[in-house]
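Colleague: Sharing protein_16.cif, mmCIF, C-alpha atoms:
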data_model
loop_
_atom_site.label_atom_id
_atom_site.label_comp_id
_atom_site.auth_asym_id
_atom_site.auth_seq_id
_atom_site.Cartn_x
_atom_site.Cartn_y
_atom_site.Cartn_z
CA MET A 1 0.00 0.00 0.00
CA LYS A 2 1.04 3.63 -0.51
CA VAL A 3 1.41 5.59 2.73
CA LYS A 4 -1.08 8.45 3.10
CA ALA A 5 -1.65 11.06 5.79
CA GLN A 6 -5.09 11.21 7.38
CA THR A 7 -6.78 12.80 10.35
CA VAL A 8 -7.38 10.24 13.08
CA LEU A 9 -9.31 10.24 16.34
CA TYR A 10 -7.81 8.14 19.10
CA TYR A 11 -7.28 7.94 22.85
CA ASP A 12 -4.18 7.38 24.91
CA LYS A 13 -5.15 4.69 27.40
CA TYR A 14 -3.90 4.14 30.95
CA PRO A 15 -4.82 1.44 33.50
CA SER A 16 -6.42 3.12 36.50
CA THR A 17 -8.11 2.53 39.85
CA THR A 18 -11.04 4.35 41.41
CA GLN A 19 -10.40 6.00 44.78
CA ALA A 20 -12.48 7.87 47.34
CA LEU A 21 -11.63 11.53 47.78
CA MET A 22 -12.03 10.97 51.53
CA GLN A 23 -12.15 7.70 53.47
CA VAL A 24 -11.97 6.98 57.20
CA ASN A 25 -12.12 4.00 59.53
CA ILE A 26 -14.73 4.44 62.25
CA LEU A 27 -13.15 3.79 65.66
CA PRO A 28 -14.90 3.92 69.06
CA GLN A 29 -13.82 6.57 71.56
CA VAL A 30 -15.31 4.65 74.51
CA GLN A 31 -15.36 1.00 75.52
CA GLY A 32 -18.45 -1.15 75.89
CA ASP A 33 -20.99 -3.45 74.28
CA VAL A 34 -22.55 -2.59 70.92
CA THR A 35 -26.24 -2.06 71.69
CA GLY A 36 -27.49 -0.67 68.39
CA ILE A 37 -26.73 -0.66 64.64
CA PHE A 38 -28.78 1.81 62.63
CA PHE A 39 -27.78 1.55 58.94
CA THR A 40 -27.90 -0.82 56.00
CA GLU A 41 -24.49 -2.11 54.98
CA GLY A 42 -23.17 -0.96 51.61
CA THR A 43 -25.58 1.97 51.30
CA HIS A 44 -25.25 5.73 51.17
CA VAL A 45 -25.40 7.51 54.54
CA LYS A 46 -25.75 11.20 55.34
CA LYS A 47 -23.49 13.32 57.52
CA GLY A 48 -24.73 13.17 61.12
CA GLN A 49 -26.73 9.98 60.55
CA LYS A 50 -26.76 7.68 63.57
CA LEU A 51 -24.67 4.55 62.97
CA TYR A 52 -23.90 2.75 66.26
CA ASP A 53 -24.85 2.80 69.94
CA ILE A 54 -22.41 1.61 72.60
CA ASP A 55 -23.75 0.74 76.07
CA SER A 56 -24.04 4.15 77.73
CA LYS A 57 -25.18 3.20 81.26
CA ILE A 58 -21.81 3.67 82.92
CA TYR A 59 -21.19 6.93 81.02
CA LYS A 60 -24.65 8.23 81.96
CA ASP A 61 -23.94 7.40 85.60
CA ASN A 62 -20.58 9.18 85.43
CA TYR A 63 -22.23 12.21 83.92
CA ASP A 64 -24.93 12.34 86.59
CA ALA A 65 -22.27 11.99 89.31
CA ALA A 66 -20.23 14.80 87.76
CA VAL A 67 -23.29 17.06 87.65
CA ALA A 68 -24.00 16.28 91.33
CA ASN A 69 -20.40 17.07 92.29
CA LEU A 70 -20.66 20.37 90.44
CA LYS A 71 -23.73 21.32 92.44
CA VAL A 72 -21.94 20.47 95.71
CA SER A 73 -18.95 22.57 94.63
CA GLN A 74 -21.20 25.44 93.74
CA GLY A 75 -22.89 25.22 97.17
CA THR A 76 -19.53 25.18 98.92
CA LEU A 77 -18.52 28.23 96.90
CA VAL A 78 -21.59 30.12 98.07
CA GLN A 79 -20.76 29.27 101.70
CA SER A 80 -17.11 30.24 101.24
CA GLN A 81 -18.11 33.52 99.65
CA GLN A 82 -20.39 34.36 102.57
CA ASP A 83 -17.72 33.51 105.14
CA ALA A 84 -15.13 35.56 103.26
CA ASP A 85 -17.46 38.56 103.07
CA ARG A 86 -18.25 38.34 106.80
CA TYR A 87 -14.60 38.07 107.84
CA GLU A 88 -13.63 40.88 105.53
CA TYR A 89 -16.16 43.18 107.24
CA LEU A 90 -14.95 42.17 110.69
CA ASN A 91 -11.34 42.56 109.66
CA LYS A 92 -11.94 46.23 108.82
CA TYR A 93 -12.71 46.87 112.51
CA ASN A 94 -10.09 44.44 113.86
CA ALA A 95 -12.95 42.39 115.27
CA VAL A 96 -11.57 39.01 114.10
CA ALA A 97 -8.28 37.22 114.29
CA LYS A 98 -6.08 37.85 111.21
CA GLN A 99 -5.56 34.13 110.81
CA LEU A 100 -9.29 33.41 110.52
CA TYR A 101 -9.64 36.10 107.86
CA ASP A 102 -6.71 34.70 105.84
CA HIS A 103 -8.13 31.17 106.04
CA ALA A 104 -11.52 32.42 104.81
CA VAL A 105 -9.91 34.08 101.77
CA ILE A 106 -7.92 30.93 100.93
CA THR A 107 -11.04 28.76 101.29
CA LEU A 108 -12.90 31.04 98.89
CA VAL A 109 -10.13 30.72 96.27
CA ASN A 110 -10.10 26.94 96.67
CA SER A 111 -13.89 26.77 96.32
CA LYS A 112 -13.75 28.71 93.06
CA SER A 113 -11.07 26.33 91.72
CA GLN A 114 -13.16 23.34 92.82
CA VAL A 115 -16.15 24.66 90.88
CA LYS A 116 -14.00 24.99 87.74
CA ALA A 117 -12.67 21.44 88.18
CA SER A 118 -16.18 20.08 88.71
CA ALA A 119 -17.45 21.91 85.64
CA GLN A 120 -14.62 20.42 83.58
CA ALA A 121 -15.47 16.95 84.90
CA VAL A 122 -19.05 17.48 83.73
CA LYS A 123 -17.79 18.38 80.24
CA SER A 124 -15.58 15.27 80.10
CA ALA A 125 -18.41 13.02 81.31
CA LYS A 126 -20.78 14.59 78.77
CA THR A 127 -18.24 14.07 75.98
CA ASN A 128 -17.79 10.40 76.90
CA LEU A 129 -21.55 9.99 77.01
CA SER A 130 -21.84 11.53 73.54
CA PHE A 131 -19.14 9.16 72.24
CA ALA A 132 -21.42 6.26 73.10
CA THR A 133 -23.46 7.20 70.02
CA ILE A 134 -21.53 7.22 66.74
CA TYR A 135 -22.62 9.34 63.78
CA ALA A 136 -21.51 9.49 60.13
CA PRO A 137 -18.72 12.11 59.78
CA PHE A 138 -19.70 12.97 56.18
CA ASP A 139 -21.91 11.87 53.29
CA GLY A 140 -20.67 8.65 51.74
CA THR A 141 -21.00 4.90 51.31
CA ILE A 142 -20.61 2.70 54.37
CA GLY A 143 -19.25 -0.83 54.16
CA PHE A 144 -19.84 -4.10 56.00
CA SER A 145 -19.97 -3.78 59.76
CA ASN A 146 -17.04 -5.43 61.52
CA VAL A 147 -19.01 -5.81 64.76
CA LYS A 148 -22.41 -7.23 65.66
CA LEU A 149 -24.84 -6.50 68.46
CA GLY A 150 -23.33 -7.51 71.80
CA ASP A 151 -19.71 -7.32 70.67
CA VAL A 152 -17.36 -5.53 73.07
CA VAL A 153 -15.33 -2.78 71.43
CA SER A 154 -12.10 -1.18 72.62
CA VAL A 155 -11.11 2.47 72.48
CA ASN A 156 -9.24 3.40 69.24
CA THR A 157 -8.60 -0.28 68.52
CA THR A 158 -11.73 -1.91 67.14
CA ILE A 159 -12.56 -0.81 63.59
CA LEU A 160 -16.34 -0.67 63.51
CA ASN A 161 -16.67 0.12 59.82
CA THR A 162 -15.24 2.17 56.96
CA ILE A 163 -16.99 5.04 55.24
CA SER A 164 -15.87 6.75 52.02
CA THR A 165 -17.13 9.60 49.90
CA ASP A 166 -18.85 8.43 46.72
CA ASN A 167 -19.75 11.53 44.71
CA PRO A 168 -17.57 12.70 43.08
CA MET A 169 -15.15 9.79 42.70
CA ALA A 170 -11.40 9.96 42.04
CA VAL A 171 -9.67 7.90 39.36
CA ASP A 172 -5.88 7.50 39.72
CA PHE A 173 -3.45 6.41 37.02
CA ILE A 174 0.31 6.44 36.39
CA ILE A 175 2.16 8.20 33.59
CA ASN A 176 5.80 8.37 32.55
CA GLU A 177 7.65 11.53 33.50
CA LYS A 178 8.14 12.31 29.79
CA GLN A 179 4.38 12.86 29.53
CA LEU A 180 4.26 15.17 32.56
CA PRO A 181 4.44 18.51 30.65
CA ARG A 182 1.36 17.53 28.65
CA PHE A 183 -0.70 16.85 31.77
CA GLU A 184 0.58 19.94 33.57
CA LYS A 185 -0.68 21.97 30.64
CA MET A 186 -4.08 20.28 30.99
CA LEU A 187 -4.15 21.09 34.72
CA ARG A 188 -3.40 24.76 34.08
CA ASN A 189 -6.01 25.05 31.36
CA LYS A 190 -8.98 26.84 32.93
CA LYS A 191 -11.27 25.81 30.05
CA PRO A 192 -10.73 22.05 29.63
CA VAL A 193 -11.48 20.44 26.28
CA ASP A 194 -14.82 18.66 26.20
CA SER A 195 -14.58 14.84 26.24
CA LEU A 196 -10.87 15.04 27.11
CA PHE A 197 -11.12 12.43 29.89
CA THR A 198 -13.35 9.38 29.80
CA ILE A 199 -13.07 5.93 31.37
CA ALA A 200 -13.87 2.41 30.25
CA LEU A 201 -15.41 0.29 33.00
CA PRO A 202 -14.36 -3.32 33.76
CA ASP A 203 -17.06 -4.62 31.38
CA ASN A 204 -15.55 -2.41 28.61
CA SER A 205 -18.57 -0.08 28.58
CA ILE A 206 -17.85 3.66 28.49
CA TYR A 207 -18.79 5.55 31.64
CA PRO A 208 -21.40 8.18 30.65
CA TYR A 209 -19.90 11.09 32.62
CA LEU A 210 -16.81 13.11 31.72
CA GLY A 211 -13.93 13.69 34.12
CA LYS A 212 -11.51 16.51 34.77
CA ILE A 213 -7.92 16.54 35.98
CA SER A 214 -7.68 17.31 39.69
CA VAL A 215 -4.23 16.60 41.12
CA ILE A 216 -0.74 15.74 39.92
CA ASP A 217 1.34 14.04 42.61
CA ARG A 218 4.06 16.09 44.27
CA ALA A 219 7.03 14.04 43.02
CA VAL A 220 8.22 11.61 40.37
CA ASP A 221 9.24 8.17 41.61
CA SER A 222 13.03 8.17 41.22
CA GLN A 223 13.09 4.39 40.80
CA THR A 224 10.49 4.08 38.03
CA GLY A 225 10.29 7.57 36.54
CA ALA A 226 6.52 7.49 37.01
CA ILE A 227 4.10 9.92 38.60
CA ARG A 228 0.46 9.62 39.67
CA ILE A 229 -2.36 11.66 38.14
CA ARG A 230 -5.83 12.02 39.70
CA LEU A 231 -9.02 12.66 37.74
CA VAL A 232 -12.42 13.39 39.28
CA PHE A 233 -15.69 12.03 37.87
CA PRO A 234 -19.31 12.69 38.90
CA ASN A 235 -20.93 9.60 40.39
CA PRO A 236 -24.61 10.45 40.95
CA GLN A 237 -25.88 6.88 40.49
CA GLY A 238 -23.08 5.28 42.51
CA ASP A 239 -21.88 3.20 39.56
CA LEU A 240 -18.25 3.77 40.57
CA ARG A 241 -17.06 1.96 43.67
CA VAL A 242 -13.72 2.32 45.44
CA GLY A 243 -11.05 -0.02 44.08
CA MET A 244 -12.54 -0.65 40.62
CA SER A 245 -10.09 -1.29 37.78
CA CYS A 246 -10.81 1.03 34.87
CA LEU A 247 -9.11 2.29 31.73
CA VAL A 248 -8.58 6.04 31.50
CA ARG A 249 -8.97 7.33 27.95
CA VAL A 250 -7.27 10.66 27.23
CA HIS A 251 -8.50 12.18 23.99
CA ASN A 252 -5.56 13.03 21.75
CA GLN A 253 -5.74 16.68 20.75
CA ASP A 254 -3.24 16.52 17.89
CA GLU A 255 -5.31 17.50 14.84
CA ALA A 256 -2.43 17.21 12.34
CA PRO A 257 -2.76 14.38 9.75
CA GLN A 258 -1.00 11.17 10.77
CA MET A 259 0.63 8.38 8.79
CA VAL A 260 -1.47 5.26 9.38
CA ILE A 261 -0.68 1.78 8.10
CA PRO A 262 -2.06 -1.70 8.90
CA ASN A 263 -0.73 -3.03 12.19
CA LYS A 264 0.20 -6.33 10.52
CA ALA A 265 2.78 -4.49 8.40
CA VAL A 266 4.91 -3.77 11.50
CA VAL A 267 7.47 -6.29 12.78
CA GLU A 268 8.77 -6.06 16.35
CA GLN A 269 12.34 -7.16 17.11
CA MET A 270 13.87 -6.77 20.57
CA GLY A 271 11.61 -3.86 21.46
CA GLU A 272 12.20 -2.05 18.17
CA TYR A 273 9.77 -1.78 15.27
CA PHE A 274 10.40 -2.25 11.56
CA ILE A 275 8.49 -2.20 8.29
CA TYR A 276 9.43 -3.32 4.78
CA MET A 277 9.30 -0.79 1.99
CA ALA A 278 8.87 -1.93 -1.62
CA LYS A 279 11.64 -0.48 -3.82
CA ASP A 280 12.05 -0.84 -7.58
CA THR A 281 15.41 -2.15 -8.79
CA MET A 282 16.85 -3.29 -12.09
CA VAL A 283 18.16 -6.86 -12.40
CA ASN A 284 19.55 -8.89 -15.27
CA ASN A 285 16.98 -10.63 -17.44
CA PRO A 286 18.04 -14.29 -17.66
CA ALA A 287 16.29 -14.63 -21.05
CA ALA A 288 18.43 -11.87 -22.61
CA LYS A 289 21.72 -12.65 -24.37
CA ALA A 290 23.43 -9.30 -23.97
CA ASP A 291 24.13 -7.44 -20.80
CA SER A 292 22.70 -4.03 -21.72
CA ALA A 293 20.25 -1.64 -20.18
CA LYS A 294 17.40 -2.90 -22.35
CA ASP A 295 18.22 -6.44 -21.28
CA LYS A 296 17.49 -5.63 -17.62
CA LYS A 297 14.07 -5.99 -16.03
CA LYS A 298 12.46 -4.11 -13.15
CA GLU A 299 11.92 -5.99 -9.89
CA LEU A 300 10.53 -5.14 -6.44
CA ILE A 301 12.73 -5.76 -3.42
CA ALA A 302 12.06 -5.36 0.31
CA VAL A 303 13.98 -2.65 2.17
CA GLU A 304 13.85 -2.86 5.97
CA LYS A 305 13.16 0.46 7.74
CA LYS A 306 13.16 1.18 11.46
CA VAL A 307 10.11 3.22 12.51
CA GLN A 308 8.72 4.88 15.62
CA VAL A 309 5.18 3.74 16.24
CA GLY A 310 2.32 5.55 17.94
CA GLN A 311 -1.18 4.61 19.05
CA VAL A 312 -2.87 1.44 17.80
CA ILE A 313 -6.28 2.24 16.30
CA GLY A 314 -8.25 -0.93 15.62
CA GLY A 315 -6.31 -2.89 13.00
CA ASN A 316 -4.10 0.09 12.14
CA ILE A 317 -1.19 1.81 13.81
CA ILE A 318 0.18 5.37 13.65
CA ILE A 319 3.75 5.77 12.40
CA LYS A 320 5.51 8.75 13.96
CA SER A 321 8.74 8.61 11.97
CA GLY A 322 10.93 6.40 9.77
CA ILE A 323 8.91 6.57 6.55
CA ASN A 324 7.39 9.30 4.40
CA ILE A 325 4.08 9.96 2.74
CA GLY A 326 3.98 8.20 -0.63
CA ASP A 327 6.30 5.34 0.35
CA ARG A 328 5.10 1.86 -0.56
CA VAL A 329 4.83 -0.48 2.40
CA VAL A 330 4.50 -4.27 2.32
CA THR A 331 1.39 -5.30 4.26
CA ASP A 332 1.16 -9.08 3.72
CA GLY A 333 3.69 -11.84 4.12
CA VAL A 334 6.18 -9.69 6.04
CA GLN A 335 7.09 -12.58 8.36
CA THR A 336 8.96 -14.31 5.52
CA LEU A 337 10.78 -11.23 4.23
CA HIS A 338 14.29 -10.00 4.91
CA ASP A 339 16.20 -6.93 3.81
CA GLY A 340 16.82 -7.12 0.05
CA ALA A 341 14.42 -10.03 -0.55
CA PRO A 342 12.43 -9.95 -3.83
CA ILE A 343 8.71 -9.25 -3.55
CA THR A 344 5.98 -10.95 -5.55
CA THR A 345 2.38 -9.80 -5.51
CA LYS A 346 0.65 -12.98 -6.64
CA ASN A 347 0.29 -16.60 -5.57
CA VAL A 348 2.07 -18.85 -8.01
CA VAL A 349 0.48 -21.98 -6.51
CA PRO A 350 -2.59 -21.88 -4.24
CA PRO A 351 -1.65 -22.64 -0.60
CA ALA A 352 -4.17 -25.49 -0.36
CA SER A 353 -2.30 -27.48 -3.03
CA GLY A 354 0.83 -27.54 -0.96
CA GLY A 355 2.66 -24.94 -2.99
CA LYS A 356 4.57 -21.98 -1.59
CA LYS A 357 2.62 -18.76 -1.16
CA GLY A 358 4.17 -15.68 -2.75
CA LYS A 359 5.24 -12.70 -0.70
#
Written as C-alpha cells, how would this file's structure read?
Modeller:
Amino acid sequence: MKVKAQTVLYYDKYPSTTQALMQVNILPQVQGDVTGIFFTEGTHVKKGQKLYDIDSKIYKDNYDAAVANLKVSQGTLVQSQQDADRYEYLNKYNAVAKQLYDHAVITLVNSKSQVKASAQAVKSAKTNLSFATIYAPFDGTIGFSNVKLGDVVSVNTTILNTISTDNPMAVDFIINEKQLPRFEKMLRNKKPVDSLFTIALPDNSIYPYLGKISVIDRAVDSQTGAIRIRLVFPNPQGDLRVGMSCLVRVHNQDEAPQMVIPNKAVVEQMGEYFIYMAKDTMVNNPAAKADSAKDKKKELIAVEKKVQVGQVIGGNIIIKSGINIGDRVVTDGVQTLHDGAPITTKNVVPPASGGKKGK
C-alpha cells in the first residue's frame, strides 16, 4: 500500500483505579458493648446519621455523678463567699483574728477552683456519654460492619466500619515523567477540552460522565520515573465503587494528519519496530543474451526500515517517523521477508495445493 496522511481520532489509554476523595475507619472513643446498629451495609449515609450505639449506662452514671459534684462545689462556693465577706467586714474593725480572715480568703479561692474542676469533669463526662453514640462524619458509602450486636469494642482499637465519599469519585493512574508537561498543561487550562477524559469500566462499557484533571502528585518516583495523576468524575448513580479497575482514555488533541498503516505491516524485534518498503530495482533478465540496459528488467525488493510507532487504532497503527508519505509499504507476508528479498504480488500456486505462497 502507498502511505497516506489522514486525520485520526484516538485515545491514549492508561490502567487506573477508582479511589475515594475521603475515606476513614470508624473507631470507638469509649469501651463497651454494641447495643445498636442503625444503617444498611453498603448503602449511602448522610453526615450526622446515627450509625452505632455503645452501652451508655456507665457513662450516663458518670455524667450524673459529675453534675451532682458540680452542684456540691457550687454550694460550697456560696458558703465560702459568705464567710469571706463576713470576715472581711470584721477585719476592717479588727474584730476578728487575722488568721481566721486569711483562712476564709484561701477557702474562697479553693472553692472557686473546685467549681472549675467540677465543671470540667461534667464536660468530660458529657463528651464520653456523647461518644457512646456514633454518627456518620460525612456523606458517603458505608461498608460491611465489623461488629455485631453484643460485641465488646475497645477504644481506638476496634474498627467498627469504613466510610468513604462516593460523589464525586477519584480515578488515579500512572504516567511516565516524559508525559508530565502535557498533563501539567491540561491542569493549568482553565477551560478544559470537552470529552478530554473518559473511562472504560471493567465490562468495557464507556462511563457516561466526563472527568476533569484534579491533582498531579508532588514528586516523580526516582526508581520508576513514574508519577500519579488524579481525575475526578461525577458519580450520581453510585456506579463507581472504590477499588474498581478502569481504563482512562485521554482524547488526543493533535489534529495534524498522521501516517497510518495496517498493524500487521509492522514487525517487532527486541523492542524495536520495523516495516518493509517496496523499492524498484533493475536486475539482469536471464532470457536476454546481452548485458545491456534494455536487457534488464524491473523488480521489487524489500527494504527494511526502522520506525517509531504511535497509538494502535483498531487494525491500524500510527507511524511517527521512519517513513514518508507516498512510500510503498509491504502489508502481507512480512514474516517471511528479509532486507533485500524480492517481492511478488501474486500466488504462483494456491496454498491449499501444498505450494509456496508468494510474498
Colleague: As a PDB file with C-alpha atoms, keeping the file's coordinate frame, please: the residues near segment 27-42 of chain A (cut-off 10 Å, all atoms listed in the file, same-chain neighbours under 4 positions excluded).
Modeller:
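The result, written out as selection-v4.pdb:
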ATOM      1  CA  GLN A  49     -26.730   9.980  60.550  1.00  0.00           C
ATOM      2  CA  LYS A  50     -26.760   7.680  63.570  1.00  0.00           C
ATOM      3  CA  LEU A  51     -24.670   4.550  62.970  1.00  0.00           C
ATOM      4  CA  TYR A  52     -23.900   2.750  66.260  1.00  0.00           C
ATOM      5  CA  ASP A  53     -24.850   2.800  69.940  1.00  0.00           C
ATOM      6  CA  ILE A  54     -22.410   1.610  72.600  1.00  0.00           C
ATOM      7  CA  ASP A  55     -23.750   0.740  76.070  1.00  0.00           C
ATOM      8  CA  SER A  56     -24.040   4.150  77.730  1.00  0.00           C
ATOM      9  CA  LYS A  57     -25.180   3.200  81.260  1.00  0.00           C
ATOM     10  CA  ILE A  58     -21.810   3.670  82.920  1.00  0.00           C
ATOM     11  CA  TYR A  59     -21.190   6.930  81.020  1.00  0.00           C
ATOM     12  CA  THR A 127     -18.240  14.070  75.980  1.00  0.00           C
ATOM     13  CA  ASN A 128     -17.790  10.400  76.900  1.00  0.00           C
ATOM     14  CA  LEU A 129     -21.550   9.990  77.010  1.00  0.00           C
ATOM     15  CA  SER A 130     -21.840  11.530  73.540  1.00  0.00           C
ATOM     16  CA  PHE A 131     -19.140   9.160  72.240  1.00  0.00           C
ATOM     17  CA  ALA A 132     -21.420   6.260  73.100  1.00  0.00           C
ATOM     18  CA  THR A 133     -23.460   7.200  70.020  1.00  0.00           C
ATOM     19  CA  ILE A 134     -21.530   7.220  66.740  1.00  0.00           C
ATOM     20  CA  TYR A 135     -22.620   9.340  63.780  1.00  0.00           C
ATOM     21  CA  GLY A 140     -20.670   8.650  51.740  1.00  0.00           C
ATOM     22  CA  THR A 141     -21.000   4.900  51.310  1.00  0.00           C
ATOM     23  CA  ILE A 142     -20.610   2.700  54.370  1.00  0.00           C
ATOM     24  CA  GLY A 143     -19.250  -0.830  54.160  1.00  0.00           C
ATOM     25  CA  PHE A 144     -19.840  -4.100  56.000  1.00  0.00           C
ATOM     26  CA  SER A 145     -19.970  -3.780  59.760  1.00  0.00           C
ATOM     27  CA  VAL A 147     -19.010  -5.810  64.760  1.00  0.00           C
ATOM     28  CA  LYS A 148     -22.410  -7.230  65.660  1.00  0.00           C
ATOM     29  CA  LEU A 149     -24.840  -6.500  68.460  1.00  0.00           C
ATOM     30  CA  GLY A 150     -23.330  -7.510  71.800  1.00  0.00           C
ATOM     31  CA  ASP A 151     -19.710  -7.320  70.670  1.00  0.00           C
ATOM     32  CA  VAL A 152     -17.360  -5.530  73.070  1.00  0.00           C
ATOM     33  CA  VAL A 153     -15.330  -2.780  71.430  1.00  0.00           C
ATOM     34  CA  SER A 154     -12.100  -1.180  72.620  1.00  0.00           C
ATOM     35  CA  VAL A 155     -11.110   2.470  72.480  1.00  0.00           C
ATOM     36  CA  ASN A 156      -9.240   3.400  69.240  1.00  0.00           C
ATOM     37  CA  THR A 157      -8.600  -0.280  68.520  1.00  0.00           C
ATOM     38  CA  THR A 158     -11.730  -1.910  67.140  1.00  0.00           C
ATOM     39  CA  ILE A 159     -12.560  -0.810  63.590  1.00  0.00           C
ATOM     40  CA  LEU A 160     -16.340  -0.670  63.510  1.00  0.00           C
ATOM     41  CA  ASN A 161     -16.670   0.120  59.820  1.00  0.00           C
ATOM     42  CA  THR A 162     -15.240   2.170  56.960  1.00  0.00           C
ATOM     43  CA  ILE A 163     -16.990   5.040  55.240  1.00  0.00           C
TER      44      ILE A 163
END
Colleague: Can you tell me which residues surround Phe173 of chain A at a distance of at most 8 Å, considering all atoms listed in the file, apart from same-chain residues fewer than 2 positions away, and format the answer as a list in words?
Modeller: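 Near neighbours after the sequence-gap exclusion: Tyr14, Pro15, Ser16, Thr17, Val171, Ile175, Arg228, Ile229, Arg230 and Val248 of chain A.
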Colleague: What does the distance from atom CA of Phe138 of chain A to atom CA of Lys46 of chain A come to in Å, to one decimal?
Modeller: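 Value for the atom CA of Phe138 of chain A-atom CA of Lys46 of chain A distance: 6.4 Å.
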Colleague: Counting all atoms listed in the file, which residues sit no farther than 9 Å from the position (-4.8, 23.1, 40.9) in the file's frame? I'd like them as a PDB file with C-alpha atoms, in the coordinates of the input.
Modeller:
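The file below, out_23.pdb, is the result:
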ATOM      1  CA  LEU A 187      -4.150  21.090  34.720  1.00  0.00           C
ATOM      2  CA  ARG A 188      -3.400  24.760  34.080  1.00  0.00           C
ATOM      3  CA  ILE A 213      -7.920  16.540  35.980  1.00  0.00           C
ATOM      4  CA  SER A 214      -7.680  17.310  39.690  1.00  0.00           C
ATOM      5  CA  VAL A 215      -4.230  16.600  41.120  1.00  0.00           C
ATOM      6  CA  ILE A 216      -0.740  15.740  39.920  1.00  0.00           C
TER       7      ILE A 216
END
Colleague: Have a look at A:Cys246, A:Ile275, A:Val329, A:Met1 and name the one nearest to Glu304 of chain A; count only C-alpha atoms.
Modeller: A:Ile275
Colleague: Go through A:Asn252, A:Thr344, A:Gln19, A:Asn324 and flag the residue nearest Phe233 of chain A, using all atoms listed in the file for the distances.
Modeller: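 So, comparing all the options, the nearest one is A:Gln19.
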Colleague: Pick out the closest residue to Val307 of chain A from this set: A:Met277, A:Val105, A:Arg182, A:Glu272. Count all atoms listed in the file.
Modeller: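 Nearest to Val307 of chain A: A:Glu272.
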Colleague: Expanded to explicit residues, what is the PyMOL selection byres ((chain A and resi 22) around 6) for this file, as an mmCIF file with C-alpha atoms, in the coordinates of the input?
Modeller:
data_model
loop_
_atom_site.group_PDB
_atom_site.id
_atom_site.type_symbol
_atom_site.label_atom_id
_atom_site.label_comp_id
_atom_site.auth_asym_id
_atom_site.auth_seq_id
_atom_site.Cartn_x
_atom_site.Cartn_y
_atom_site.Cartn_z
ATOM 1 C CA ALA A 20 -12.480 7.870 47.340
ATOM 2 C CA LEU A 21 -11.630 11.530 47.780
ATOM 3 C CA GLN A 23 -12.150 7.700 53.470
ATOM 4 C CA SER A 164 -15.870 6.750 52.020
ATOM 5 C CA THR A 165 -17.130 9.600 49.900
#
